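To keep things clear, I will list the structure first and then write my remarks on it.
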Amino acid sequence: MNVYQRINEITEYIDNHLEEKIDYNILARMMGVNSYTMQRIFSLLTNITLSDYIRKRRLSCAGYDFISNNEKIVDVAIKYQYDSATAFSRAFATFHGINPSKITSTTTLKNFPRIILNEIDTSTENMEYKIIELPEMTMYGIGVATDNAHIKEDAPDFFMKMEEKYKKEYGPIPYALISYKEEEHIHCNYYYILYEQEIPTFKRITIPTSKWLAFRIPSQEAEDIHAISQQFYLEFLPSCKYSLKSIPELEYYHDDITDFLVAIE
């Protein structure tokens, strides 16, 4: 079973349990990874976070309940796991553009359909790796604000500017990492370059002790690093037995190569 089929099973399960509290651990077991990893893969493949997907599916179905079944607001709020009718009405109005109390049989509502991915057979290339253990590391970094849509351009541009500025005094940039808005590492918000020596105005960053999957990339080009990252999450990870830790990925630049490091349990 490929990762696309697993996502389809997860969205089918969600649709069958929209009126219940959905346990992310159950969804993770369906994919064979931990909850953090499952959410990361889901977001990469669908371009929406798991929590946002579930919310939109519930609000979409709630619109049908009002139009077709003439249900009460409080009943629909409880049905779709909202703590109060007020919180539900606010979310409903944001999604549909109308308060549920004002719905009539002729009201136009939005539909957010179940995601079903094309179950293609992925041709996975071999990815050679090794497992290494690294002690806690204290580094010093400076970063640039970015997001998922722009990091492919922002990261290399920032890297080149910072290396031009600091290389003469501190040497080539040895490391980089990406920080995220949330624990599940769905939406990136900063790209950091890191030095091991302390540099004035740089932020002190501690990387916890961990085991790491290490993938060697015979390049330091941004496109090559991004390609390996995508191949790791979409092809390697769903078919392996490793579970990720909530620690940012590291990139270690040396000898004209890049080691792409991913923390594991």
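We label chains A, B, ... in the order they appear in the structure tokens, count residues from 1 in each chain, and number ligands from 1 in the order shown.
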Close residues, Arg90 (chain A) itself excluded, 10 Å, only C-alpha atoms, min 6 positions apart in chain, as a ChimeraX atom specification: /A:97-100
Residues near Gly141 (chain A), cut-off 7 Å, only C-alpha atoms, skip fewer than 6 positions along chain, as a list in words: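 Contacts, in chain order: Tyr192, Ile193, Leu194, Tyr195, Phe202, Lys203, Arg204 and Ile205 of chain A.
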Given the selection you just returned, output its residues as a file containing all heavy atoms, formatted as a PDB file, in the first residue's frame.
```pdb
ATOM      1  N   TYR A 192      17.147  29.388   9.540  1.00  0.00           N
ATOM      2  CA  TYR A 192      18.308  29.855  10.292  1.00  0.00           C
ATOM      3  C   TYR A 192      19.602  29.297   9.703  1.00  0.00           C
ATOM      4  O   TYR A 192      19.658  28.128   9.292  1.00  0.00           O
ATOM      5  CB  TYR A 192      18.246  29.390  11.750  1.00  0.00           C
ATOM      6  CG  TYR A 192      17.253  30.116  12.613  1.00  0.00           C
ATOM      7  CD1 TYR A 192      15.946  29.655  12.750  1.00  0.00           C
ATOM      8  CD2 TYR A 192      17.619  31.258  13.318  1.00  0.00           C
ATOM      9  CE1 TYR A 192      15.037  30.308  13.556  1.00  0.00           C
ATOM     10  CE2 TYR A 192      16.712  31.933  14.128  1.00  0.00           C
ATOM     11  CZ  TYR A 192      15.419  31.445  14.242  1.00  0.00           C
ATOM     12  OH  TYR A 192      14.511  32.105  15.038  1.00  0.00           O
ATOM     13  N   ILE A 193      20.635  30.132   9.668  1.00  0.00           N
ATOM     14  CA  ILE A 193      21.992  29.624   9.477  1.00  0.00           C
ATOM     15  C   ILE A 193      22.637  29.588  10.858  1.00  0.00           C
ATOM     16  O   ILE A 193      22.353  30.445  11.718  1.00  0.00           O
ATOM     17  CB  ILE A 193      22.793  30.469   8.467  1.00  0.00           C
ATOM     18  CG1 ILE A 193      22.900  31.959   8.901  1.00  0.00           C
ATOM     19  CG2 ILE A 193      22.146  30.374   7.100  1.00  0.00           C
ATOM     20  CD1 ILE A 193      24.182  32.295   9.590  1.00  0.00           C
ATOM     21  N   LEU A 194      23.494  28.594  11.094  1.00  0.00           N
ATOM     22  CA  LEU A 194      24.037  28.368  12.428  1.00  0.00           C
ATOM     23  C   LEU A 194      25.558  28.281  12.408  1.00  0.00           C
ATOM     24  O   LEU A 194      26.142  27.675  11.506  1.00  0.00           O
ATOM     25  CB  LEU A 194      23.492  27.058  13.013  1.00  0.00           C
ATOM     26  CG  LEU A 194      21.980  26.889  13.130  1.00  0.00           C
ATOM     27  CD1 LEU A 194      21.660  25.481  13.598  1.00  0.00           C
ATOM     28  CD2 LEU A 194      21.400  27.921  14.081  1.00  0.00           C
ATOM     29  N   TYR A 195      26.161  28.878  13.438  1.00  0.00           N
ATOM     30  CA  TYR A 195      27.589  28.709  13.715  1.00  0.00           C
ATOM     31  C   TYR A 195      27.743  28.072  15.095  1.00  0.00           C
ATOM     32  O   TYR A 195      26.891  28.262  15.973  1.00  0.00           O
ATOM     33  CB  TYR A 195      28.319  30.054  13.693  1.00  0.00           C
ATOM     34  CG  TYR A 195      28.650  30.576  12.315  1.00  0.00           C
ATOM     35  CD1 TYR A 195      27.784  31.437  11.649  1.00  0.00           C
ATOM     36  CD2 TYR A 195      29.838  30.218  11.684  1.00  0.00           C
ATOM     37  CE1 TYR A 195      28.087  31.930  10.386  1.00  0.00           C
ATOM     38  CE2 TYR A 195      30.161  30.709  10.421  1.00  0.00           C
ATOM     39  CZ  TYR A 195      29.272  31.564   9.781  1.00  0.00           C
ATOM     40  OH  TYR A 195      29.579  32.047   8.534  1.00  0.00           O
ATOM     41  N   PHE A 202      23.536  37.135  17.449  1.00  0.00           N
ATOM     42  CA  PHE A 202      22.948  35.874  17.013  1.00  0.00           C
ATOM     43  C   PHE A 202      22.149  35.237  18.157  1.00  0.00           C
ATOM     44  O   PHE A 202      22.479  35.419  19.327  1.00  0.00           O
ATOM     45  CB  PHE A 202      24.032  34.888  16.554  1.00  0.00           C
ATOM     46  CG  PHE A 202      24.450  35.063  15.120  1.00  0.00           C
ATOM     47  CD1 PHE A 202      24.481  36.317  14.529  1.00  0.00           C
ATOM     48  CD2 PHE A 202      24.827  33.970  14.355  1.00  0.00           C
ATOM     49  CE1 PHE A 202      24.881  36.482  13.217  1.00  0.00           C
ATOM     50  CE2 PHE A 202      25.217  34.114  13.036  1.00  0.00           C
ATOM     51  CZ  PHE A 202      25.251  35.374  12.456  1.00  0.00           C
ATOM     52  N   LYS A 203      21.125  34.512  17.816  1.00  0.00           N
ATOM     53  CA  LYS A 203      20.274  33.828  18.794  1.00  0.00           C
ATOM     54  C   LYS A 203      20.920  32.515  19.235  1.00  0.00           C
ATOM     55  O   LYS A 203      21.440  31.764  18.413  1.00  0.00           O
ATOM     56  CB  LYS A 203      18.901  33.537  18.166  1.00  0.00           C
ATOM     57  CG  LYS A 203      17.929  32.820  19.078  1.00  0.00           C
ATOM     58  CD  LYS A 203      16.604  32.594  18.351  1.00  0.00           C
ATOM     59  CE  LYS A 203      15.603  31.856  19.240  1.00  0.00           C
ATOM     60  NZ  LYS A 203      14.312  31.640  18.526  1.00  0.00           N
ATOM     61  N   ARG A 204      20.886  32.261  20.536  1.00  0.00           N
ATOM     62  CA  ARG A 204      21.414  30.995  21.067  1.00  0.00           C
ATOM     63  C   ARG A 204      20.374  29.893  20.847  1.00  0.00           C
ATOM     64  O   ARG A 204      19.229  30.019  21.262  1.00  0.00           O
ATOM     65  CB  ARG A 204      21.721  31.134  22.559  1.00  0.00           C
ATOM     66  CG  ARG A 204      22.428  29.936  23.179  1.00  0.00           C
ATOM     67  CD  ARG A 204      22.774  30.274  24.636  1.00  0.00           C
ATOM     68  NE  ARG A 204      23.564  29.228  25.272  1.00  0.00           N
ATOM     69  CZ  ARG A 204      23.054  28.204  25.935  1.00  0.00           C
ATOM     70  NH1 ARG A 204      21.724  28.094  26.059  1.00  0.00           N
ATOM     71  NH2 ARG A 204      23.842  27.307  26.487  1.00  0.00           N
ATOM     72  N   ILE A 205      20.767  28.824  20.181  1.00  0.00           N
ATOM     73  CA  ILE A 205      19.848  27.738  19.840  1.00  0.00           C
ATOM     74  C   ILE A 205      20.423  26.424  20.344  1.00  0.00           C
ATOM     75  O   ILE A 205      21.573  26.077  20.050  1.00  0.00           O
ATOM     76  CB  ILE A 205      19.615  27.666  18.317  1.00  0.00           C
ATOM     77  CG1 ILE A 205      18.940  28.955  17.832  1.00  0.00           C
ATOM     78  CG2 ILE A 205      18.778  26.440  17.945  1.00  0.00           C
ATOM     79  CD1 ILE A 205      18.769  29.030  16.325  1.00  0.00           C
TER      80      ILE A 205
END
```
Non-local contacts of region 40-45 of chain A (12 Å; only C-alpha atoms; under 6 positions in same chain excluded) as a PyMOL selection string: chain A and resi 3-11+24+27-28+31-34+51-54+115-118+148-149+180+182-188+229-239+243-246
So which residues touch Val76 (chain A) within 10 Å, counting only C-alpha atoms, skipping near sequence neighbours fewer than 3 positions away, as a list in words?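 So, after excluding close chain neighbours, the residues are Glu19, Arg58, Leu59, Cys61, Ala62, Gly63, Asp65, Phe66, Glu71, Lys72, Ile73, Lys79, Tyr80, Gln81, Tyr82, Ala85, Phe88 and Ser89 of chain A.
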Selection: 10 Å around Ala176 (chain A), only C-alpha atoms, excl. self and same-chain fewer than 2 positions, as an MDAnalysis selection string: chainID A and resid 141:143 155 159 173:174 178 191:195 248:253 260
Saved selection, atoms kept: C-alpha atoms, as an mmCIF file, in the first residue's frame:
```
data_model
loop_
_atom_site.group_PDB
_atom_site.id
_atom_site.type_symbol
_atom_site.label_atom_id
_atom_site.label_comp_id
_atom_site.auth_asym_id
_atom_site.auth_seq_id
_atom_site.Cartn_x
_atom_site.Cartn_y
_atom_site.Cartn_z
ATOM 1 C CA GLY A 141 22.024 31.475 14.569
ATOM 2 C CA ILE A 142 20.365 34.238 12.653
ATOM 3 C CA GLY A 143 17.277 33.715 10.546
ATOM 4 C CA ALA A 155 16.668 30.076 2.156
ATOM 5 C CA PHE A 159 22.327 31.855 3.007
ATOM 6 C CA ILE A 173 28.389 28.498 7.361
ATOM 7 C CA PRO A 174 28.367 24.950 8.761
ATOM 8 C CA ILE A 178 14.088 25.451 9.814
ATOM 9 C CA TYR A 191 15.157 29.616 8.150
ATOM 10 C CA TYR A 192 18.308 29.855 10.292
ATOM 11 C CA ILE A 193 21.992 29.624 9.477
ATOM 12 C CA LEU A 194 24.037 28.368 12.428
ATOM 13 C CA TYR A 195 27.589 28.709 13.715
ATOM 14 C CA PRO A 248 13.883 20.660 13.364
ATOM 15 C CA GLU A 249 15.789 19.015 10.543
ATOM 16 C CA LEU A 250 19.421 20.041 10.296
ATOM 17 C CA GLU A 251 21.535 20.628 7.234
ATOM 18 C CA TYR A 252 25.294 20.175 7.744
ATOM 19 C CA TYR A 253 27.434 21.699 4.988
ATOM 20 C CA PHE A 260 20.453 16.107 5.722
#
```
Would you mind reading off the distance between CA of Glu198 (chain A) and CA of Met139 (chain A), one decimal, in Å?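 Taking CA of Glu198 (chain A) as the start and CA of Met139 (chain A) as the end point, the length is 7.3 Å.
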May I ask for the distance between CA of Glu136 (chain A) and CA of Asp256 (chain A), given in Å to one decimal place?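 Separation between CA of Glu136 (chain A) and CA of Asp256 (chain A): 25.2 Å.
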Write out as number ranges by chain all residues of region 43-244 of chain A that backbone DSSP assigns to alpha helix (DSSP H). A: 43-46, 50-64, 73-79, 85-96, 151-170, 222-231
Go through A:Ala145, A:Thr49, A:Arg114, A:Pro172 and flag the residue nearest Asn16 (chain A), using only C-alpha atoms for the distances.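 Nearest to Asn16 (chain A): A:Arg114.
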Let's see if you can do this: from backbone DSSP, list all strand (DSSP E) residues in region 83-210 of chain A, as a PyMOL selection string. chain A and resi 130-134+137-145+175-180+188-195+203-207+210
Requested write-out: N, CA, C and O atoms of the selected residues, as a CSV table (one decimal), in the first residue's frame:
```csv
chain,number,residue,atom,x,y,z
A,130,LYS,N,22.4,6.5,7.2
A,130,LYS,CA,23.0,5.9,8.4
A,130,LYS,C,22.3,6.5,9.6
A,130,LYS,O,21.8,7.6,9.5
A,131,ILE,N,22.4,5.9,10.7
A,131,ILE,CA,21.9,6.4,12.0
A,131,ILE,C,23.1,6.9,12.8
A,131,ILE,O,24.0,6.1,13.0
A,132,ILE,N,23.0,8.1,13.2
A,132,ILE,CA,24.1,8.6,14.1
A,132,ILE,C,23.5,9.2,15.4
A,132,ILE,O,22.3,9.5,15.4
A,133,GLU,N,24.3,9.2,16.4
A,133,GLU,CA,23.8,9.8,17.7
A,133,GLU,C,24.7,11.1,17.9
A,133,GLU,O,25.9,11.1,17.8
A,134,LEU,N,24.0,12.2,18.2
A,134,LEU,CA,24.7,13.4,18.5
A,134,LEU,C,24.3,13.9,19.9
A,134,LEU,O,23.1,13.9,20.3
A,137,MET,N,23.7,20.0,21.4
A,137,MET,CA,24.6,21.0,20.7
A,137,MET,C,24.0,22.4,21.0
A,137,MET,O,22.8,22.7,20.8
A,138,THR,N,24.9,23.3,21.3
A,138,THR,CA,24.6,24.7,21.5
A,138,THR,C,25.2,25.5,20.3
A,138,THR,O,26.4,25.4,20.0
A,139,MET,N,24.3,26.1,19.5
A,139,MET,CA,24.7,26.9,18.4
A,139,MET,C,24.2,28.3,18.4
A,139,MET,O,23.4,28.6,19.3
A,140,TYR,N,24.7,29.1,17.5
A,140,TYR,CA,24.2,30.5,17.4
A,140,TYR,C,23.8,30.8,16.0
A,140,TYR,O,24.5,30.6,15.0
A,141,GLY,N,22.6,31.3,15.9
A,141,GLY,CA,22.0,31.5,14.6
A,141,GLY,C,21.3,32.8,14.3
A,141,GLY,O,21.0,33.5,15.3
A,142,ILE,N,21.1,33.1,13.1
A,142,ILE,CA,20.4,34.2,12.7
A,142,ILE,C,19.5,33.8,11.5
A,142,ILE,O,19.9,32.9,10.7
A,143,GLY,N,18.2,34.3,11.5
A,143,GLY,CA,17.3,33.7,10.5
A,143,GLY,C,16.5,34.8,9.8
A,143,GLY,O,16.6,36.0,10.0
A,144,VAL,N,15.7,34.3,8.8
A,144,VAL,CA,14.9,35.1,8.0
A,144,VAL,C,13.5,34.5,8.1
A,144,VAL,O,13.3,33.3,8.0
A,145,ALA,N,12.5,35.4,8.2
A,145,ALA,CA,11.1,34.9,8.2
A,145,ALA,C,10.7,34.4,6.8
A,145,ALA,O,11.1,35.0,5.8
A,175,TYR,N,26.0,25.0,9.4
A,175,TYR,CA,24.7,24.4,9.6
A,175,TYR,C,23.5,25.3,9.3
A,175,TYR,O,23.7,26.5,9.2
A,176,ALA,N,22.4,24.7,9.1
A,176,ALA,CA,21.1,25.4,8.9
A,176,ALA,C,20.0,24.6,9.5
A,176,ALA,O,20.1,23.4,9.6
A,177,LEU,N,18.9,25.3,9.9
A,177,LEU,CA,17.7,24.6,10.4
A,177,LEU,C,16.5,25.4,10.0
A,177,LEU,O,16.6,26.6,9.7
A,178,ILE,N,15.4,24.8,10.1
A,178,ILE,CA,14.1,25.5,9.8
A,178,ILE,C,13.2,25.4,11.1
A,178,ILE,O,13.1,24.3,11.7
A,179,SER,N,12.7,26.5,11.5
A,179,SER,CA,11.8,26.5,12.6
A,179,SER,C,10.3,26.6,12.1
A,179,SER,O,10.1,27.0,11.0
A,180,TYR,N,9.4,26.1,13.0
A,180,TYR,CA,8.0,26.0,12.6
A,180,TYR,C,7.1,26.7,13.6
A,180,TYR,O,7.5,26.9,14.7
A,188,CYS,N,6.4,26.2,8.3
A,188,CYS,CA,7.7,26.8,8.6
A,188,CYS,C,7.5,28.3,8.8
A,188,CYS,O,6.7,28.9,8.1
A,189,ASN,N,8.3,28.9,9.6
A,189,ASN,CA,8.2,30.4,9.8
A,189,ASN,C,9.6,31.1,9.8
A,189,ASN,O,9.7,32.3,9.6
A,190,TYR,N,10.7,30.3,9.9
A,190,TYR,CA,12.0,30.9,9.9
A,190,TYR,C,13.0,29.9,9.3
A,190,TYR,O,12.9,28.7,9.6
A,191,TYR,N,14.0,30.4,8.6
A,191,TYR,CA,15.2,29.6,8.1
A,191,TYR,C,16.4,30.2,8.8
A,191,TYR,O,16.6,31.4,8.7
A,192,TYR,N,17.1,29.4,9.5
A,192,TYR,CA,18.3,29.9,10.3
A,192,TYR,C,19.6,29.3,9.7
A,192,TYR,O,19.7,28.1,9.3
A,193,ILE,N,20.6,30.1,9.7
A,193,ILE,CA,22.0,29.6,9.5
A,193,ILE,C,22.6,29.6,10.9
A,193,ILE,O,22.4,30.4,11.7
A,194,LEU,N,23.5,28.6,11.1
A,194,LEU,CA,24.0,28.4,12.4
A,194,LEU,C,25.6,28.3,12.4
A,194,LEU,O,26.1,27.7,11.5
A,195,TYR,N,26.2,28.9,13.4
A,195,TYR,CA,27.6,28.7,13.7
A,195,TYR,C,27.7,28.1,15.1
A,195,TYR,O,26.9,28.3,16.0
A,203,LYS,N,21.1,34.5,17.8
A,203,LYS,CA,20.3,33.8,18.8
A,203,LYS,C,20.9,32.5,19.2
A,203,LYS,O,21.4,31.8,18.4
A,204,ARG,N,20.9,32.3,20.5
A,204,ARG,CA,21.4,31.0,21.1
A,204,ARG,C,20.4,29.9,20.8
A,204,ARG,O,19.2,30.0,21.3
A,205,ILE,N,20.8,28.8,20.2
A,205,ILE,CA,19.8,27.7,19.8
A,205,ILE,C,20.4,26.4,20.3
A,205,ILE,O,21.6,26.1,20.1
A,206,THR,N,19.6,25.7,21.1
A,206,THR,CA,20.0,24.4,21.6
A,206,THR,C,19.4,23.3,20.9
A,206,THR,O,18.1,23.2,20.8
A,207,ILE,N,20.2,22.3,20.4
A,207,ILE,CA,19.7,21.1,19.7
A,207,ILE,C,19.8,20.0,20.7
A,207,ILE,O,20.9,19.6,21.1
A,210,SER,N,20.0,13.5,20.5
A,210,SER,CA,19.1,12.6,19.8
A,210,SER,C,19.8,11.7,18.8
A,210,SER,O,21.0,11.8,18.6
```
Length of the CA of Ala222 (chain A) to CA of Pro156 (chain A) vector [Å]: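 So the answer is 6.1 Å.
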